[in-house]
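One structure below.
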Amino acid sequence: MTTPTLFHSIHFDDADAGLTFLRALGFDERAVHRDPDDPSTVVHAELAWGAAGGVMCGSAGRAVPSGSDYQRRVGVATCYLVVPTDEQVDEVHERALAAGGTSLMAPSDQDYGGRSASVADPEGNQYSIGSYAGA
């Protein structure tokens with residue numbers, strides 16, 4: 001198995017709801033680390049998307065290092081999720097809607113090949129699902 005070297009980073013106001021949504025899409029939870037003083041705060045979570053990559057996420061409200069300009073903004077992440085077949089585009093789209101997501105683009109065939117759809121999670125992060133894996 002190849003070790004993934006690219007992860008999207010997503011921040012949630014409600015990290016537990018975000019993790020539930022990601023699992024519904026088909027992500028595989030690998031690790032969840034919580035603040036021992038506040039177990040509702042996810043300080044770091046890793047979820048795999050097959051063997052090719054994944055997301056790292058956590059609670060947006062957790063502290064940033066002193067003097068840092070880093071921002072944990074909610075609802076601004078965009079991920080492209082490659083699935084093996086056109087049929088799976090439709091399946092993942094439906095699972096996302098069942099998990100509380102909103103359809104941004106219904107599944108459709110693309111002129112450049114493959115099939116794609118787009119959804120938003122309840123906090124506004126966007127996920128495009130496609131069978132086109134790139135040239």
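How things are named: the first chain in the structure tokens is A, the next is B, and so on; residues count from 1 in each chain; ligands count from 1 in the order shown.
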Inset, instruction - Write out as a PyMOL selection string which residues come within 8 Å of segment 39-47 of chain A when counting only C-alpha atoms, dropping same-chain ones fewer than 3 positions away. - result: chain A and resi 15-16+27-36+54-59+62
Restricting the output to N, CA, C and O atoms, write the selected residues as a PDB file, in the first residue's frame.
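Printed below is selection_16.pdb as written:
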```
ATOM      1  N   ALA A  15     -17.491  18.965  15.026  1.00  0.00           N
ATOM      2  CA  ALA A  15     -16.597  17.957  14.453  1.00  0.00           C
ATOM      3  C   ALA A  15     -17.219  16.565  14.459  1.00  0.00           C
ATOM      4  O   ALA A  15     -17.001  15.789  13.522  1.00  0.00           O
ATOM      5  N   ASP A  16     -17.993  16.223  15.475  1.00  0.00           N
ATOM      6  CA  ASP A  16     -18.614  14.900  15.498  1.00  0.00           C
ATOM      7  C   ASP A  16     -19.600  14.733  14.347  1.00  0.00           C
ATOM      8  O   ASP A  16     -19.632  13.693  13.690  1.00  0.00           O
ATOM      9  N   PHE A  27     -15.565   7.600   3.674  1.00  0.00           N
ATOM     10  CA  PHE A  27     -14.240   7.726   4.261  1.00  0.00           C
ATOM     11  C   PHE A  27     -14.080   6.696   5.372  1.00  0.00           C
ATOM     12  O   PHE A  27     -15.040   6.343   6.054  1.00  0.00           O
ATOM     13  N   ASP A  28     -12.844   6.228   5.566  1.00  0.00           N
ATOM     14  CA  ASP A  28     -12.516   5.255   6.601  1.00  0.00           C
ATOM     15  C   ASP A  28     -11.756   5.973   7.715  1.00  0.00           C
ATOM     16  O   ASP A  28     -10.654   6.468   7.490  1.00  0.00           O
ATOM     17  N   GLU A  29     -12.369   6.020   8.899  1.00  0.00           N
ATOM     18  CA  GLU A  29     -11.751   6.712  10.027  1.00  0.00           C
ATOM     19  C   GLU A  29     -10.513   5.962  10.494  1.00  0.00           C
ATOM     20  O   GLU A  29     -10.570   4.777  10.793  1.00  0.00           O
ATOM     21  N   ARG A  30      -9.377   6.651  10.539  1.00  0.00           N
ATOM     22  CA  ARG A  30      -8.111   6.051  10.960  1.00  0.00           C
ATOM     23  C   ARG A  30      -7.716   6.470  12.374  1.00  0.00           C
ATOM     24  O   ARG A  30      -7.139   5.688  13.107  1.00  0.00           O
ATOM     25  N   ALA A  31      -8.001   7.722  12.733  1.00  0.00           N
ATOM     26  CA  ALA A  31      -7.614   8.205  14.063  1.00  0.00           C
ATOM     27  C   ALA A  31      -8.464   9.410  14.423  1.00  0.00           C
ATOM     28  O   ALA A  31      -8.787  10.233  13.564  1.00  0.00           O
ATOM     29  N   VAL A  32      -8.823   9.491  15.700  1.00  0.00           N
ATOM     30  CA  VAL A  32      -9.508  10.668  16.241  1.00  0.00           C
ATOM     31  C   VAL A  32      -8.885  10.962  17.602  1.00  0.00           C
ATOM     32  O   VAL A  32      -8.888  10.110  18.480  1.00  0.00           O
ATOM     33  N   HIS A  33      -8.323  12.158  17.732  1.00  0.00           N
ATOM     34  CA  HIS A  33      -7.701  12.583  18.987  1.00  0.00           C
ATOM     35  C   HIS A  33      -8.513  13.742  19.540  1.00  0.00           C
ATOM     36  O   HIS A  33      -8.768  14.718  18.837  1.00  0.00           O
ATOM     37  N   ARG A  34      -8.903  13.632  20.802  1.00  0.00           N
ATOM     38  CA  ARG A  34      -9.760  14.629  21.436  1.00  0.00           C
ATOM     39  C   ARG A  34      -9.007  15.370  22.536  1.00  0.00           C
ATOM     40  O   ARG A  34      -8.052  14.859  23.102  1.00  0.00           O
ATOM     41  N   ASP A  35      -9.487  16.560  22.839  1.00  0.00           N
ATOM     42  CA  ASP A  35      -8.951  17.340  23.944  1.00  0.00           C
ATOM     43  C   ASP A  35      -9.347  16.634  25.245  1.00  0.00           C
ATOM     44  O   ASP A  35     -10.540  16.453  25.499  1.00  0.00           O
ATOM     45  N   PRO A  36      -8.377  16.215  26.064  1.00  0.00           N
ATOM     46  CA  PRO A  36      -8.728  15.498  27.287  1.00  0.00           C
ATOM     47  C   PRO A  36      -9.564  16.339  28.256  1.00  0.00           C
ATOM     48  O   PRO A  36     -10.337  15.793  29.046  1.00  0.00           O
ATOM     49  N   GLY A  54      -6.799  11.250   1.567  1.00  0.00           N
ATOM     50  CA  GLY A  54      -7.793  11.376   2.604  1.00  0.00           C
ATOM     51  C   GLY A  54      -7.927  12.791   3.092  1.00  0.00           C
ATOM     52  O   GLY A  54      -7.523  13.731   2.416  1.00  0.00           O
ATOM     53  N   VAL A  55      -8.516  12.922   4.287  1.00  0.00           N
ATOM     54  CA  VAL A  55      -8.680  14.225   4.902  1.00  0.00           C
ATOM     55  C   VAL A  55      -8.164  14.179   6.333  1.00  0.00           C
ATOM     56  O   VAL A  55      -8.153  13.135   6.978  1.00  0.00           O
ATOM     57  N   MET A  56      -7.713  15.329   6.789  1.00  0.00           N
ATOM     58  CA  MET A  56      -7.418  15.542   8.193  1.00  0.00           C
ATOM     59  C   MET A  56      -8.364  16.648   8.620  1.00  0.00           C
ATOM     60  O   MET A  56      -8.583  17.610   7.872  1.00  0.00           O
ATOM     61  N   CYS A  57      -8.947  16.493   9.801  1.00  0.00           N
ATOM     62  CA  CYS A  57      -9.927  17.474  10.216  1.00  0.00           C
ATOM     63  C   CYS A  57      -9.966  17.596  11.728  1.00  0.00           C
ATOM     64  O   CYS A  57      -9.304  16.839  12.437  1.00  0.00           O
ATOM     65  N   GLY A  58     -10.752  18.564  12.184  1.00  0.00           N
ATOM     66  CA  GLY A  58     -10.912  18.769  13.605  1.00  0.00           C
ATOM     67  C   GLY A  58     -11.853  19.919  13.883  1.00  0.00           C
ATOM     68  O   GLY A  58     -12.447  20.498  12.972  1.00  0.00           O
ATOM     69  N   SER A  59     -11.976  20.244  15.155  1.00  0.00           N
ATOM     70  CA  SER A  59     -12.842  21.332  15.598  1.00  0.00           C
ATOM     71  C   SER A  59     -12.218  22.677  15.240  1.00  0.00           C
ATOM     72  O   SER A  59     -11.040  22.918  15.513  1.00  0.00           O
ATOM     73  N   ARG A  62     -10.584  25.085  18.180  1.00  0.00           N
ATOM     74  CA  ARG A  62      -9.416  24.776  19.014  1.00  0.00           C
ATOM     75  C   ARG A  62      -8.351  25.858  18.843  1.00  0.00           C
ATOM     76  O   ARG A  62      -8.311  26.564  17.842  1.00  0.00           O
TER      77      ARG A  62
END
```
Inset, instruction - Would you mind listing what lies within 9 Å of Asp121 of chain A as a list in words, with only C-alpha atoms counted and same-chain residues fewer than 3 positions away left out? - result: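 The filter keeps Gly18, Phe21, Leu22, Gly75, Ala96, Leu97, Ala99, Gly100, Gly101, Thr102, Gly124, Asn125, Gln126 and Tyr127 of chain A.
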Inset, instruction - Check the smallest atom-to-atom distance from each of A:Leu6, A:Ala135, A:Ser116, A:Phe12 to Val83 of chain A using only C-alpha atoms, then report the winner. - result: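 Using only C-alpha atoms, the shortest distance to Val83 of chain A belongs to A:Ser116.
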Inset, instruction - Please run DSSP on the backbone and report, as a ChimeraX atom specification, all residues within chain A that come out as strand (DSSP E or B). - result: /A:7-12,28-35,38-49,53-59,78-82,102-109,115-120,126-130
Can I get the selection written as a JSON list (two decimals), in the first residue's frame, with C-alpha atoms?
```json
[["chain", "number", "residue", "atom", "x", "y", "z"],
["A", 7, "PHE", "CA", -4.61, 15.29, 2.58],
["A", 8, "HIS", "CA", -7.32, 17.92, 2.42],
["A", 9, "SER", "CA", -7.81, 19.80, 5.67],
["A", 10, "ILE", "CA", -11.36, 20.48, 6.89],
["A", 11, "HIS", "CA", -12.51, 22.33, 10.00],
["A", 12, "PHE", "CA", -15.93, 21.91, 11.60],
["A", 28, "ASP", "CA", -12.52, 5.26, 6.60],
["A", 29, "GLU", "CA", -11.75, 6.71, 10.03],
["A", 30, "ARG", "CA", -8.11, 6.05, 10.96],
["A", 31, "ALA", "CA", -7.61, 8.21, 14.06],
["A", 32, "VAL", "CA", -9.51, 10.67, 16.24],
["A", 33, "HIS", "CA", -7.70, 12.58, 18.99],
["A", 34, "ARG", "CA", -9.76, 14.63, 21.44],
["A", 35, "ASP", "CA", -8.95, 17.34, 23.94],
["A", 38, "ASP", "CA", -13.11, 18.82, 26.55],
["A", 39, "PRO", "CA", -13.86, 15.51, 24.75],
["A", 40, "SER", "CA", -16.29, 17.30, 22.41],
["A", 41, "THR", "CA", -13.27, 19.04, 20.82],
["A", 42, "VAL", "CA", -11.50, 17.05, 18.11],
["A", 43, "VAL", "CA", -7.89, 18.24, 17.99],
["A", 44, "HIS", "CA", -6.95, 15.96, 15.08],
["A", 45, "ALA", "CA", -8.70, 13.31, 13.01],
["A", 46, "GLU", "CA", -7.55, 11.35, 9.96],
["A", 47, "LEU", "CA", -9.84, 9.65, 7.48],
["A", 48, "ALA", "CA", -8.69, 7.70, 4.43],
["A", 49, "TRP", "CA", -10.21, 7.76, 0.96],
["A", 53, "GLY", "CA", -5.39, 10.00, 0.08],
["A", 54, "GLY", "CA", -7.79, 11.38, 2.60],
["A", 55, "VAL", "CA", -8.68, 14.22, 4.90],
["A", 56, "MET", "CA", -7.42, 15.54, 8.19],
["A", 57, "CYS", "CA", -9.93, 17.47, 10.22],
["A", 58, "GLY", "CA", -10.91, 18.77, 13.60],
["A", 59, "SER", "CA", -12.84, 21.33, 15.60],
["A", 78, "THR", "CA", -13.34, 21.60, -1.42],
["A", 79, "CYS", "CA", -12.41, 17.98, -2.13],
["A", 80, "TYR", "CA", -12.56, 15.89, -5.31],
["A", 81, "LEU", "CA", -13.29, 12.24, -4.49],
["A", 82, "VAL", "CA", -12.46, 9.73, -7.22],
["A", 102, "THR", "CA", -27.12, 19.32, -0.07],
["A", 103, "SER", "CA", -26.81, 18.58, -3.77],
["A", 104, "LEU", "CA", -24.86, 21.28, -5.59],
["A", 105, "MET", "CA", -24.71, 19.43, -8.91],
["A", 106, "ALA", "CA", -26.73, 16.33, -9.75],
["A", 107, "PRO", "CA", -24.82, 13.35, -11.16],
["A", 108, "SER", "CA", -24.14, 13.80, -14.87],
["A", 109, "ASP", "CA", -21.85, 12.48, -17.59],
["A", 115, "ARG", "CA", -19.41, 11.09, -14.45],
["A", 116, "SER", "CA", -19.50, 13.62, -11.61],
["A", 117, "ALA", "CA", -21.68, 15.24, -8.96],
["A", 118, "SER", "CA", -21.15, 17.75, -6.15],
["A", 119, "VAL", "CA", -22.55, 18.05, -2.63],
["A", 120, "ALA", "CA", -22.07, 20.27, 0.40],
["A", 126, "GLN", "CA", -17.97, 21.01, -0.85],
["A", 127, "TYR", "CA", -17.23, 17.56, -2.22],
["A", 128, "SER", "CA", -17.16, 16.68, -5.89],
["A", 129, "ILE", "CA", -17.49, 12.98, -6.64],
["A", 130, "GLY", "CA", -16.24, 11.72, -9.98]]
```
